[in-house]
Amino acid sequence: MADLTFSCVDVAPLRHAAAPALLFRLHIEENSGERLHALALRCQIRIETARRRYDDAEAQALTGLFGAGPPHPIQFATVSAMVPGFTGAAEVDLTVPCTYDLEVASGNYFSSLRDGVIPLDLLFSGTVFGLGPHGLRVEQVPWHLEACYRLPVTTWRELIDLYFPGTAWLRLDRSTVDALARYRRDRAIPTADAAITSLLAGGAP
């Protein structure tokens with residue numbers, strides 16, 4: 001039976017992709033000396049929000065997410081990867097798509113933090129394909145295998161600034177978008193940003 005341990009050694013923004021994503025670098029060790037033919041890996045990433053402190057500004061920003069209660073874990077992502085065969089140890093990259101949508105819990109949480117770290121738990125599952133004396137052997141990755149990583153808030157901000165420099169994402173009801181378009185057209189306002197600025201200023205054209 002394979003004896004696996006996992007650790008996350010680095011997380012960095014994925015550059016030049018179609019959409020923002022973080023690249024998680026995993027280190028995998030097989031401690032029994034067995035040769036693994038392949039590893040079909042699944043990883044659930046969870047934000048353990050109770051493992052860090054929040055200043056007054058952060059706590060206020062997170063009120064809409066947690067209410068008056070204590071912080072609770074937030075599901076961040078579930079991703080998969082196929083790890084080629086190895087003996088001893090291997091490293092693999094997990095591409096984790098990210099959203100800047102503030103109505104998604106993880107995006108709301110990330111954007112509310114000013115500095116420090118984001119405590120993450122990586123929970124592993126999947127299928128191990130081993131090579132034994134009788135040929136190919138298949139077994140499940142034990143559910144108790146996990147790793148922790150403290151993601152710097154600066155890494156998240158670097159990712160968002162890379163894909164959305166100087167901007168933020170806002171989701172509106174379709175009727176609101178249509179009304180904003182009419183407002184822009186009637187006043188010859190060139191952009192939605194300028195139209196919203198006009199409305200905030202009291203509706204002056």
# chains A, B, ... in the order shown; residues from 1 in each chain; ligands from 1

call {"tool": "select_by_dssp", "arguments": {"residues": "range 17-200 of chain A", "states": "strand (DSSP E or B)", "output": "ChimeraX atom specification"}}
result
/A:21-30,35-47,74-87,89-97,117-132,135-140,146-152

call {"tool": "write_last_selection", "arguments": {"atoms": "C-alpha atoms", "output": "mmCIF file, in the first residue's frame"}}
result
data_model
loop_
_atom_site.group_PDB
_atom_site.id
_atom_site.type_symbol
_atom_site.label_atom_id
_atom_site.label_comp_id
_atom_site.auth_asym_id
_atom_site.auth_seq_id
_atom_site.Cartn_x
_atom_site.Cartn_y
_atom_site.Cartn_z
ATOM 1 C CA ALA A 21 -5.823 31.619 -11.449
ATOM 2 C CA LEU A 22 -3.333 30.711 -8.738
ATOM 3 C CA LEU A 23 -0.678 28.064 -9.280
ATOM 4 C CA PHE A 24 -0.288 25.798 -6.233
ATOM 5 C CA ARG A 25 3.007 23.857 -6.144
ATOM 6 C CA LEU A 26 2.567 20.510 -4.355
ATOM 7 C CA HIS A 27 5.325 18.260 -3.054
ATOM 8 C CA ILE A 28 4.298 14.589 -2.849
ATOM 9 C CA GLU A 29 6.312 11.917 -1.067
ATOM 10 C CA GLU A 30 5.843 8.154 -1.287
ATOM 11 C CA ARG A 35 7.037 2.782 -7.664
ATOM 12 C CA LEU A 36 3.802 4.605 -8.518
ATOM 13 C CA HIS A 37 2.527 4.297 -12.060
ATOM 14 C CA ALA A 38 0.269 7.372 -11.795
ATOM 15 C CA LEU A 39 -1.840 9.331 -9.336
ATOM 16 C CA ALA A 40 -5.264 10.746 -10.210
ATOM 17 C CA LEU A 41 -5.421 13.478 -7.590
ATOM 18 C CA ARG A 42 -8.327 15.580 -6.353
ATOM 19 C CA CYS A 43 -7.825 18.492 -3.980
ATOM 20 C CA GLN A 44 -10.463 20.431 -2.096
ATOM 21 C CA ILE A 45 -9.183 23.806 -0.863
ATOM 22 C CA ARG A 46 -10.895 25.364 2.131
ATOM 23 C CA ILE A 47 -10.343 28.762 3.771
ATOM 24 C CA ILE A 74 -15.329 28.867 3.266
ATOM 25 C CA GLN A 75 -15.053 26.529 0.296
ATOM 26 C CA PHE A 76 -12.493 27.990 -2.113
ATOM 27 C CA ALA A 77 -12.086 25.433 -4.905
ATOM 28 C CA THR A 78 -11.976 21.762 -5.893
ATOM 29 C CA VAL A 79 -9.436 20.889 -8.578
ATOM 30 C CA SER A 80 -7.924 17.764 -10.131
ATOM 31 C CA ALA A 81 -4.556 16.816 -11.586
ATOM 32 C CA MET A 82 -2.963 13.739 -13.128
ATOM 33 C CA VAL A 83 0.448 13.063 -11.579
ATOM 34 C CA PRO A 84 2.853 10.997 -13.727
ATOM 35 C CA GLY A 85 4.589 7.964 -12.256
ATOM 36 C CA PHE A 86 7.391 8.466 -9.754
ATOM 37 C CA THR A 87 9.429 6.818 -7.038
ATOM 38 C CA ALA A 89 8.949 12.139 -4.434
ATOM 39 C CA ALA A 90 7.442 14.376 -7.086
ATOM 40 C CA GLU A 91 6.156 17.894 -7.511
ATOM 41 C CA VAL A 92 3.051 18.931 -9.396
ATOM 42 C CA ASP A 93 1.253 22.195 -10.119
ATOM 43 C CA LEU A 94 -2.435 22.662 -9.379
ATOM 44 C CA THR A 95 -4.142 25.427 -11.356
ATOM 45 C CA VAL A 96 -6.848 26.977 -9.172
ATOM 46 C CA PRO A 97 -9.273 29.357 -10.954
ATOM 47 C CA VAL A 117 -2.147 35.688 5.374
ATOM 48 C CA ILE A 118 -5.104 33.564 4.272
ATOM 49 C CA PRO A 119 -5.126 30.203 6.117
ATOM 50 C CA LEU A 120 -5.859 27.365 3.682
ATOM 51 C CA ASP A 121 -6.476 23.643 4.185
ATOM 52 C CA LEU A 122 -5.839 21.353 1.212
ATOM 53 C CA LEU A 123 -7.806 18.098 1.514
ATOM 54 C CA PHE A 124 -6.734 15.275 -0.795
ATOM 55 C CA SER A 125 -8.497 12.310 -2.361
ATOM 56 C CA GLY A 126 -8.208 10.370 -5.607
ATOM 57 C CA THR A 127 -6.828 7.123 -7.009
ATOM 58 C CA VAL A 128 -3.340 5.615 -6.782
ATOM 59 C CA PHE A 129 -2.132 3.337 -9.575
ATOM 60 C CA GLY A 130 0.779 1.271 -8.251
ATOM 61 C CA LEU A 131 3.133 -1.250 -9.828
ATOM 62 C CA GLY A 132 3.445 -4.417 -7.737
ATOM 63 C CA GLY A 135 1.052 -5.995 -12.123
ATOM 64 C CA LEU A 136 -1.023 -2.855 -11.815
ATOM 65 C CA ARG A 137 -2.659 -2.214 -8.433
ATOM 66 C CA VAL A 138 -5.363 0.385 -7.758
ATOM 67 C CA GLU A 139 -6.214 1.947 -4.399
ATOM 68 C CA GLN A 140 -7.773 5.121 -3.054
ATOM 69 C CA GLU A 146 -4.188 17.059 3.962
ATOM 70 C CA ALA A 147 -1.802 19.997 3.992
ATOM 71 C CA CYS A 148 -1.909 23.574 5.243
ATOM 72 C CA TYR A 149 -0.703 26.726 3.533
ATOM 73 C CA ARG A 150 -0.650 30.363 4.648
ATOM 74 C CA LEU A 151 -1.318 32.325 1.471
ATOM 75 C CA PRO A 152 -0.068 35.921 1.683
#

call {"tool": "atom_distance", "arguments": {"atom1": "CA of Ala12 in chain A", "atom2": "CA of Leu159 in chain A"}}
result
8.1 Å

call {"tool": "atom_distance", "arguments": {"atom1": "CA of Pro13 in chain A", "atom2": "CA of Ser112 in chain A"}}
result
18.9 Å

call {"tool": "atom_distance", "arguments": {"atom1": "CA of Asp115 in chain A", "atom2": "CA of Asp193 in chain A"}}
result
27.7 Å

call {"tool": "residues_around", "arguments": {"residues": "Leu170 in chain A", "least_positions_apart": "2", "cutoff": "12 Å", "atoms": "only C-alpha atoms", "output": "PDB file with N, CA and C atoms, in the first residue's frame"}}
result
ATOM      1  N   THR A  99     -12.035  33.939  -8.667  1.00  0.00           N
ATOM      2  CA  THR A  99     -13.045  34.904  -9.084  1.00  0.00           C
ATOM      3  C   THR A  99     -12.864  36.209  -8.325  1.00  0.00           C
ATOM      4  N   TYR A 100     -13.212  37.307  -9.004  1.00  0.00           N
ATOM      5  CA  TYR A 100     -13.221  38.615  -8.353  1.00  0.00           C
ATOM      6  C   TYR A 100     -14.651  39.032  -8.036  1.00  0.00           C
ATOM      7  N   ASP A 101     -15.588  38.094  -8.208  1.00  0.00           N
ATOM      8  CA  ASP A 101     -16.994  38.356  -7.940  1.00  0.00           C
ATOM      9  C   ASP A 101     -17.188  38.504  -6.433  1.00  0.00           C
ATOM     10  N   LEU A 102     -17.592  39.692  -5.972  1.00  0.00           N
ATOM     11  CA  LEU A 102     -17.725  39.938  -4.540  1.00  0.00           C
ATOM     12  C   LEU A 102     -18.958  39.255  -3.955  1.00  0.00           C
ATOM     13  N   GLU A 103     -19.828  38.702  -4.799  1.00  0.00           N
ATOM     14  CA  GLU A 103     -20.976  37.966  -4.289  1.00  0.00           C
ATOM     15  C   GLU A 103     -20.663  36.486  -4.091  1.00  0.00           C
ATOM     16  N   VAL A 104     -19.498  36.046  -4.527  1.00  0.00           N
ATOM     17  CA  VAL A 104     -18.996  34.715  -4.215  1.00  0.00           C
ATOM     18  C   VAL A 104     -18.230  34.812  -2.901  1.00  0.00           C
ATOM     19  N   GLY A 107     -14.352  35.296  -2.980  1.00  0.00           N
ATOM     20  CA  GLY A 107     -13.970  36.586  -3.517  1.00  0.00           C
ATOM     21  C   GLY A 107     -14.265  37.713  -2.542  1.00  0.00           C
ATOM     22  N   ASN A 108     -15.404  37.639  -1.872  1.00  0.00           N
ATOM     23  CA  ASN A 108     -15.767  38.623  -0.854  1.00  0.00           C
ATOM     24  C   ASN A 108     -14.759  38.608   0.284  1.00  0.00           C
ATOM     25  N   THR A 167      -9.290  48.188 -11.347  1.00  0.00           N
ATOM     26  CA  THR A 167     -10.733  48.051 -11.510  1.00  0.00           C
ATOM     27  C   THR A 167     -11.284  47.067 -10.495  1.00  0.00           C
ATOM     28  N   ALA A 168     -12.619  47.028 -10.403  1.00  0.00           N
ATOM     29  CA  ALA A 168     -13.323  46.072  -9.554  1.00  0.00           C
ATOM     30  C   ALA A 168     -14.489  45.500 -10.342  1.00  0.00           C
ATOM     31  N   LEU A 172     -24.800  43.291 -11.569  1.00  0.00           N
ATOM     32  CA  LEU A 172     -26.050  44.035 -11.451  1.00  0.00           C
ATOM     33  C   LEU A 172     -27.196  43.231 -12.042  1.00  0.00           C
ATOM     34  N   ASP A 173     -28.395  43.514 -11.562  1.00  0.00           N
ATOM     35  CA  ASP A 173     -29.599  42.936 -12.152  1.00  0.00           C
ATOM     36  C   ASP A 173     -29.735  43.412 -13.599  1.00  0.00           C
ATOM     37  N   THR A 176     -31.339  46.698 -14.093  1.00  0.00           N
ATOM     38  CA  THR A 176     -30.476  47.809 -13.691  1.00  0.00           C
ATOM     39  C   THR A 176     -29.485  48.143 -14.799  1.00  0.00           C
ATOM     40  N   VAL A 177     -28.925  47.103 -15.437  1.00  0.00           N
ATOM     41  CA  VAL A 177     -28.003  47.319 -16.553  1.00  0.00           C
ATOM     42  C   VAL A 177     -28.719  48.034 -17.698  1.00  0.00           C
ATOM     43  N   ALA A 192     -19.941  53.172 -18.642  1.00  0.00           N
ATOM     44  CA  ALA A 192     -20.764  52.853 -17.478  1.00  0.00           C
ATOM     45  C   ALA A 192     -20.166  53.450 -16.204  1.00  0.00           C
ATOM     46  N   ASP A 193     -18.843  53.465 -16.115  1.00  0.00           N
ATOM     47  CA  ASP A 193     -18.187  54.044 -14.947  1.00  0.00           C
ATOM     48  C   ASP A 193     -18.541  55.516 -14.809  1.00  0.00           C
ATOM     49  N   ILE A 196     -22.221  55.929 -13.618  1.00  0.00           N
ATOM     50  CA  ILE A 196     -22.390  55.694 -12.183  1.00  0.00           C
ATOM     51  C   ILE A 196     -21.834  56.860 -11.371  1.00  0.00           C
TER      52      ILE A 196
END
